[in-house]
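A.B. asks: Below is the file coords31.cif, with mmCIF, C-alpha atoms.
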data_work
#
loop_
_atom_site.label_atom_id
_atom_site.label_comp_id
_atom_site.auth_asym_id
_atom_site.auth_seq_id
_atom_site.Cartn_x
_atom_site.Cartn_y
_atom_site.Cartn_z
CA MET A 863 0.00 0.00 0.00
CA ASN A 864 1.53 3.34 -1.06
CA GLY A 865 1.29 6.72 0.63
CA THR A 866 -1.52 7.88 -1.62
CA SER A 867 -3.74 4.93 -0.74
CA LYS A 868 -3.09 5.54 2.98
CA SER A 869 -4.49 9.08 2.67
CA PHE A 870 -7.50 7.95 0.65
CA ASN A 871 -10.79 7.96 2.57
CA ALA A 872 -12.95 5.17 1.19
CA ALA A 873 -15.89 5.87 3.53
CA PRO A 874 -19.00 7.18 1.75
CA LEU A 875 -19.84 10.84 2.15
CA GLU A 876 -22.98 11.37 4.27
CA ASP A 877 -25.07 14.37 5.21
CA ASP A 878 -25.13 14.96 8.97
CA GLY A 879 -28.46 16.77 8.71
CA ALA A 880 -27.03 20.24 8.05
CA LEU A 881 -27.93 20.10 4.37
CA ASP A 882 -31.55 19.12 5.00
CA LEU A 883 -31.87 21.80 7.69
CA ALA A 884 -30.52 24.50 5.38
CA LEU A 885 -33.12 23.65 2.77
CA MET A 886 -35.89 23.83 5.35
CA VAL A 887 -35.16 27.23 6.94
CA THR A 888 -35.23 29.37 3.79
CA GLU A 889 -36.90 29.64 0.40
CA HIS A 890 -34.09 31.64 -1.16
CA PRO A 891 -33.80 30.42 -4.81
CA ALA A 892 -29.98 30.33 -4.75
CA VAL A 893 -30.00 28.25 -1.57
CA LYS A 894 -32.61 25.87 -2.99
CA SER A 895 -30.79 25.31 -6.31
CA SER A 896 -27.38 24.99 -4.66
CA GLY A 897 -28.72 22.58 -2.04
CA ALA A 898 -30.22 20.30 -4.70
CA ALA A 899 -26.90 20.42 -6.59
CA MET A 900 -25.02 19.47 -3.40
CA LEU A 901 -27.17 16.39 -2.92
CA GLU A 902 -26.48 15.31 -6.49
CA SER A 903 -22.74 15.96 -6.06
CA MET A 904 -22.65 13.84 -2.90
CA ARG A 905 -24.21 10.89 -4.73
CA HIS A 906 -21.71 11.30 -7.56
CA VAL A 907 -18.74 11.46 -5.19
CA ASN A 908 -19.88 8.30 -3.40
CA ASP A 909 -20.13 6.53 -6.77
CA LEU A 910 -16.58 7.62 -7.67
CA ILE A 911 -15.26 6.50 -4.28
CA GLN A 912 -16.86 3.09 -4.68
CA ARG A 913 -15.52 2.75 -8.21
CA CYS A 914 -11.97 3.99 -7.66
CA GLY A 915 -11.42 2.66 -4.13
CA PRO A 916 -10.32 -0.86 -5.21
CA TRP A 917 -7.89 0.61 -7.76
CA VAL A 918 -6.29 2.89 -5.18
CA THR A 919 -6.00 0.07 -2.63
CA SER A 920 -4.50 -2.47 -5.04
CA GLY A 921 -2.52 -0.02 -7.14
CA ASP A 922 -3.94 -1.63 -10.28
CA PHE A 923 -5.57 1.07 -12.42
CA PRO A 924 -7.38 0.04 -15.62
CA ALA A 925 -6.38 2.58 -18.23
CA GLU A 926 -9.64 3.52 -19.93
CA ARG A 927 -11.78 3.42 -16.80
CA THR A 928 -9.23 5.44 -14.85
CA ILE A 929 -9.11 8.11 -17.53
CA GLU A 930 -12.90 8.30 -17.60
CA ALA A 931 -13.11 8.51 -13.79
CA ASN A 932 -10.54 11.31 -13.75
CA LYS A 933 -12.62 13.30 -16.23
CA GLU A 934 -15.66 12.88 -13.97
CA VAL A 935 -13.67 14.07 -10.95
CA LEU A 936 -12.55 17.23 -12.74
CA THR A 937 -16.07 17.95 -13.98
CA ALA A 938 -17.52 17.45 -10.49
CA LEU A 939 -14.94 19.83 -9.00
CA THR A 940 -15.89 22.55 -11.47
CA LYS A 941 -19.58 22.04 -10.72
CA VAL A 942 -19.15 22.31 -6.95
CA GLN A 943 -17.01 25.44 -7.34
CA ASN A 944 -19.76 27.05 -9.42
CA ASP A 945 -22.37 26.15 -6.78
CA MET A 946 -20.21 27.72 -4.07
CA GLN A 947 -19.89 30.87 -6.16
CA LYS A 948 -23.69 31.13 -6.33
CA LEU A 949 -23.86 30.96 -2.53
CA ASP A 950 -21.18 33.62 -2.15
CA ASP A 951 -23.11 35.92 -4.48
CA ILE A 952 -26.19 35.99 -2.22
CA ASP A 953 -26.82 39.56 -1.12
CA LEU A 954 -28.12 39.49 2.44
CA ASP A 955 -29.19 43.12 2.12
CA ALA A 956 -31.52 42.38 -0.79
CA LEU A 957 -33.67 39.63 0.64
CA LYS A 958 -37.38 39.27 0.01
CA PRO A 959 -39.64 38.55 3.02
CA ALA A 960 -40.84 35.30 1.42
CA TRP A 961 -37.27 33.93 1.47
CA GLY A 962 -36.95 34.08 5.24
CA ASP A 963 -35.12 36.38 7.61
CA ARG A 964 -31.50 37.42 7.24
CA ASP A 965 -30.14 35.08 9.92
CA SER A 966 -31.88 32.04 8.44
CA VAL A 967 -30.51 32.72 4.96
CA ARG A 968 -27.01 33.34 6.34
CA MET A 969 -27.09 30.08 8.36
CA ALA A 970 -28.34 28.09 5.35
CA ARG A 971 -25.64 29.56 3.14
CA LYS A 972 -22.93 28.74 5.69
CA SER A 973 -24.12 25.12 5.99
CA LEU A 974 -24.18 24.61 2.23
CA ILE A 975 -20.70 26.09 1.81
CA GLY A 976 -19.41 23.70 4.49
CA CYS A 977 -21.02 20.79 2.64
CA ALA A 978 -19.48 21.93 -0.64
CA GLN A 979 -16.04 22.15 0.97
CA GLU A 980 -16.32 18.56 2.22
CA ILE A 981 -17.34 17.36 -1.24
CA MET A 982 -14.39 19.19 -2.80
CA LYS A 983 -12.04 17.68 -0.22
CA ARG A 984 -13.06 14.18 -1.29
CA LEU A 985 -12.79 15.07 -4.96
CA GLU A 986 -9.31 16.54 -4.48
CA SER A 987 -8.28 13.34 -2.69
CA LEU A 988 -9.51 11.26 -5.62
CA LYS A 989 -7.76 13.56 -8.06
CA ALA A 990 -4.46 13.11 -6.19
CA CYS A 991 -4.84 9.31 -6.19
CA LEU A 992 -5.46 9.26 -9.95
CA ALA A 993 -2.74 11.77 -10.83
CA SER A 994 0.15 9.27 -11.07
CA PRO A 995 -1.58 6.65 -13.26
CA ILE A 996 -3.12 9.39 -15.42
CA SER A 997 0.34 10.86 -16.02
CA LYS A 998 1.65 7.41 -16.94
CA PHE A 999 -1.19 6.73 -19.38
CA SER A 1000 -0.78 10.16 -20.98
CA SER A 1001 2.95 9.62 -21.58
CA MET A 1002 2.25 6.21 -23.12
CA ARG A 1003 -0.29 7.72 -25.51
CA SER A 1004 1.97 10.60 -26.52
CA SER A 1005 5.04 8.39 -27.18
CA PRO A 1006 5.74 7.74 -30.90
CA ARG A 1007 4.60 4.38 -32.17
CA GLN A 1008 5.67 2.51 -35.25
CA GLU A 1009 2.76 2.24 -37.60
CA THR A 1010 2.38 0.40 -40.88
CA THR A 1011 1.72 2.31 -44.05
CA PHE A 1012 1.84 1.32 -47.66
CA TYR A 1013 5.25 2.98 -47.96
CA GLY A 1014 7.38 0.59 -45.95
CA TRP A 1015 6.33 0.69 -42.33
CA GLY A 1016 3.98 -1.95 -41.11
CA LEU A 1017 0.55 -1.18 -39.65
CA GLU A 1018 0.73 -2.10 -35.96
CA GLY A 1019 -1.86 -4.68 -35.03
CA ALA A 1020 -3.06 -5.07 -38.61
CA ASP A 1021 -3.58 -8.47 -40.14
CA PRO A 1022 -1.15 -9.44 -42.91
CA VAL A 1023 -2.53 -9.02 -46.40
CA GLU A 1024 -2.76 -12.37 -48.15
CA PRO A 1025 -2.24 -12.46 -51.93
CA LYS A 1026 -5.53 -12.84 -53.69
CA GLU A 1027 -5.78 -16.00 -55.77
CA LYS A 1028 -7.08 -15.72 -59.28
CA GLU A 1029 -10.59 -17.07 -59.47
CA LYS A 1030 -11.28 -19.85 -61.96
CA PRO A 1031 -14.46 -19.85 -64.05
CA PRO A 1032 -17.02 -22.33 -62.71
CA GLY A 1033 -16.69 -25.78 -64.29
CA GLY A 1034 -13.68 -25.02 -66.45
CA ASP A 1035 -9.99 -24.29 -66.62
CA GLU A 1036 -8.44 -20.93 -66.40
CA GLU A 1037 -9.05 -18.64 -69.34
CA PRO A 1038 -6.09 -18.32 -71.76
CA PRO A 1039 -4.33 -15.00 -71.64
CA LYS A 1040 -5.92 -12.47 -73.90
CA GLU A 1041 -3.88 -11.21 -76.85
CA ARG A 1042 -2.78 -7.68 -76.48
CA SER A 1043 -4.47 -5.35 -78.89
CA ARG A 1044 -2.16 -4.02 -81.56
CA SER A 1045 -1.85 -0.35 -82.21
CA PRO A 1046 -1.59 1.18 -85.74
CA ARG A 1047 2.08 1.85 -85.03
CA ASP A 1048 2.65 -1.91 -84.60
CA ASP A 1049 0.98 -2.61 -87.97
CA VAL A 1050 3.17 -0.05 -89.75
CA ALA A 1051 6.31 -1.52 -88.19
CA ARG A 1052 5.32 -5.07 -89.19
CA GLY A 1053 4.59 -3.92 -92.79
CA ALA A 1054 7.95 -2.22 -93.15
CA ALA A 1055 9.74 -5.29 -91.84
CA GLY A 1056 7.91 -7.52 -94.36
CA GLU A 1057 8.79 -5.31 -97.32
CA HIS A 1058 12.43 -5.21 -96.27
CA GLN A 1059 12.50 -9.02 -96.03
CA ALA A 1060 10.94 -9.39 -99.52
CA ASP A 1061 13.46 -6.99 -101.09
CA SER A 1062 16.34 -8.85 -99.50
CA SER A 1063 15.07 -12.18 -100.86
CA GLU A 1064 14.65 -10.77 -104.37
CA ASN A 1065 18.13 -9.26 -104.42
CA SER A 1066 19.60 -12.55 -103.23
CA GLU A 1067 17.96 -14.52 -106.11
CA GLU A 1068 19.15 -11.95 -108.64
CA ARG A 1069 22.75 -12.15 -107.46
CA LYS A 1070 22.66 -15.95 -107.62
CA HIS A 1071 21.37 -15.86 -111.20
CA ASN A 1072 24.13 -13.50 -112.26
CA ARG A 1073 26.80 -15.73 -110.80
CA ASP A 1074 25.46 -18.80 -112.67
CA THR A 1075 25.35 -17.13 -116.19
CA PRO A 1076 28.86 -17.46 -117.82
CA HIS A 1077 28.06 -15.92 -121.27
CA PHE A 1078 27.07 -12.51 -120.00
CA HIS A 1079 28.99 -9.92 -118.15
CA TRP A 1080 26.77 -7.86 -115.97
CA THR A 1081 28.21 -4.46 -115.56
CA ARG A 1082 27.06 -1.34 -113.89
CA GLY A 1083 26.55 0.52 -117.17
CA GLN A 1084 24.41 3.45 -117.95
CA LYS A 1085 21.73 3.87 -115.42
CA LEU A 1086 18.30 3.75 -116.97
CA GLY A 1087 16.33 3.82 -113.79
CA THR A 1088 16.13 2.34 -110.37
CA GLY A 1089 17.45 -1.20 -110.58
CA ASN A 1090 17.77 -1.20 -114.45
CA TYR A 1091 21.19 -1.46 -116.17
CA ILE A 1092 22.49 -2.00 -119.78
CA VAL A 1093 23.66 -5.56 -120.37
CA ARG A 1094 26.60 -6.07 -122.77
CA LYS A 1095 27.16 -9.46 -124.31
CA GLN A 1096 30.62 -10.86 -123.83
CA ALA A 1097 32.19 -12.60 -126.88
CA PRO A 1098 33.65 -16.05 -126.26
CA THR A 1099 37.41 -16.24 -125.97
CA VAL A 1100 39.20 -18.04 -128.86
CA PHE A 1101 42.42 -19.84 -128.08
CA ALA A 1102 44.99 -20.19 -130.87
#
Give the structure from the file, written as structure tokens.
C.D. replies:
Amino acid sequence: MNGTSKSFNAAPLEDDGALDLALMVTEHPAVKSSGAAMLESMRHVNDLIQRCGPWVTSGDFPAERTIEANKEVLTALTKVQNDMQKLDDIDLDALKPAWGDRDSVRMARKSLIGCAQEIMKRLESLKACLASPISKFSSMRSSPRQETTFYGWGLEGADPVEPKEKEKPPGGDEEPPKERSRSPRDDVARGAAGEHQADSSENSEERKHNRDTPHFHWTRGQKLGTGNYIVRKQAPTVFA
């Protein structure tokens, strides 16, 4: 048990009768509204004490529930402070006869302020007990964490993405890969390649024919046009 738990008062907060008496002796609207608010605050404080008491005693604070309880403590403190301010603002020199005499209103106000101070004392005690775990949880939340993104870091706590298998058509094999559509540029390229291949084949046959004809001498004579040349007949050689 730590020092904080030793100072924690786990007993429920009870009205000793002063609150009920204050509401009975005057009809002042500020006293009536503040008194009703005090009763509600007492019930809320007792609920917080019952909820947080086991955590303070054991030192085991559940993160989310502790954070939520701390928020309730802070809200309750602000509410009680506002109710006390309403009581302080009562002008004893501007009382209506229907609200009761001056002494009755002053006594009721004093009793309610004492009740509010006791409620705040319990709330401040709870706040002190929750301060250390709240600080720890806040530092854990603010610390940088490695997260997964699609750019290299993995998403913390995320399930691994399994590769999606290609679905087969029902009752059959996989569809053959579709032929890629050809663009007009591909057709032009294929046509040019075919023409070049045909010209090469024709030139090859012509050269072979020239080599196999012994009685003619093919010369590069006068040029008559593209691919046309004069052919001169060669006379046979006579040996003496």
A.B. asks: Which polymer residues, protein or nucleic acid, are no farther than 9 Å from (-6.9, 12.9, -2.6), counting all atoms listed in the file, as a ChimeraX atom specification?
C.D. replies: /A:866-867,869-871,983-992
A.B. asks: Any chance you could export the current selection's C-alpha atoms as a compact mmCIF listing (two decimals), in the coordinates of the input?
C.D. replies:
# COMPACT_ATOMS: atom_id res chain seq x y z
CA THR A 866 -1.52 7.88 -1.62
CA SER A 867 -3.74 4.93 -0.74
CA SER A 869 -4.49 9.08 2.67
CA PHE A 870 -7.50 7.95 0.65
CA ASN A 871 -10.79 7.96 2.57
CA LYS A 983 -12.04 17.68 -0.22
CA ARG A 984 -13.06 14.18 -1.29
CA LEU A 985 -12.79 15.07 -4.96
CA GLU A 986 -9.31 16.54 -4.48
CA SER A 987 -8.28 13.34 -2.69
CA LEU A 988 -9.51 11.26 -5.62
CA LYS A 989 -7.76 13.56 -8.06
CA ALA A 990 -4.46 13.11 -6.19
CA CYS A 991 -4.84 9.31 -6.19
CA LEU A 992 -5.46 9.26 -9.95
A.B. asks: What does the distance from CA of Ile981 in chain A to CA of Thr940 in chain A come to in Å, to one decimal?
C.D. replies: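 CA of Ile981 in chain A sits 11.6 Å away from CA of Thr940 in chain A.
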A.B. asks: Excluding range 916-931 of chain A and its own-chain neighbours fewer than 2 positions away, which residues fall within 10 Å of it when counting all atoms listed in the file? Please give them as a PyMOL selection string.
C.D. replies: chain A and resi 863-864+866-868+870+872+910-914+933-937+988-989+991-993+995-1000
A.B. asks: Counting all atoms listed in the file, figure out which residue out of A:Arg968, A:Lys894, A:Arg1003, A:His906 gets nearest to Asp953 in chain A.
C.D. replies: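 Checking each of A:Arg968, A:Lys894, A:Arg1003, A:His906 against Asp953 in chain A, counting all atoms listed in the file, the winner is A:Arg968.
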A.B. asks: Pull out every residue that the PyMOL selection byres ((chain A and resi 946) around 12) matches in the shown coordinates and put them as a PyMOL selection string.
C.D. replies: chain A and resi 892-893+895-897+899-900+939-945+947-952+971-982
A.B. asks: Up to 9 Å from (-31.4, 42.0, 9.9) in the file's coordinates: name the residues, counting all atoms listed in the file, as a ChimeraX atom specification.
C.D. replies: /A:954-955,963-965
A.B. asks: I'd like the contact shell of range 876-878 of chain A - 9 Å cut-off, all atoms listed in the file, skipping same-chain residues fewer than 4 positions apart - returned as a PyMOL selection string.
C.D. replies: chain A and resi 882+901+904+908+977
A.B. asks: How far is it from CA of Ser966 in chain A to CA of Pro891 in chain A, in Å with one decimal?
C.D. replies: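 Rounded to one decimal, the two atoms are 13.5 Å apart.
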A.B. asks: For the atom pair CA of Ser903 in chain A and CA of Pro959 in chain A, what is the interatomic distance in Å to one decimal place?
C.D. replies: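 Pair CA of Ser903 in chain A / CA of Pro959 in chain A returns 29.6 Å.
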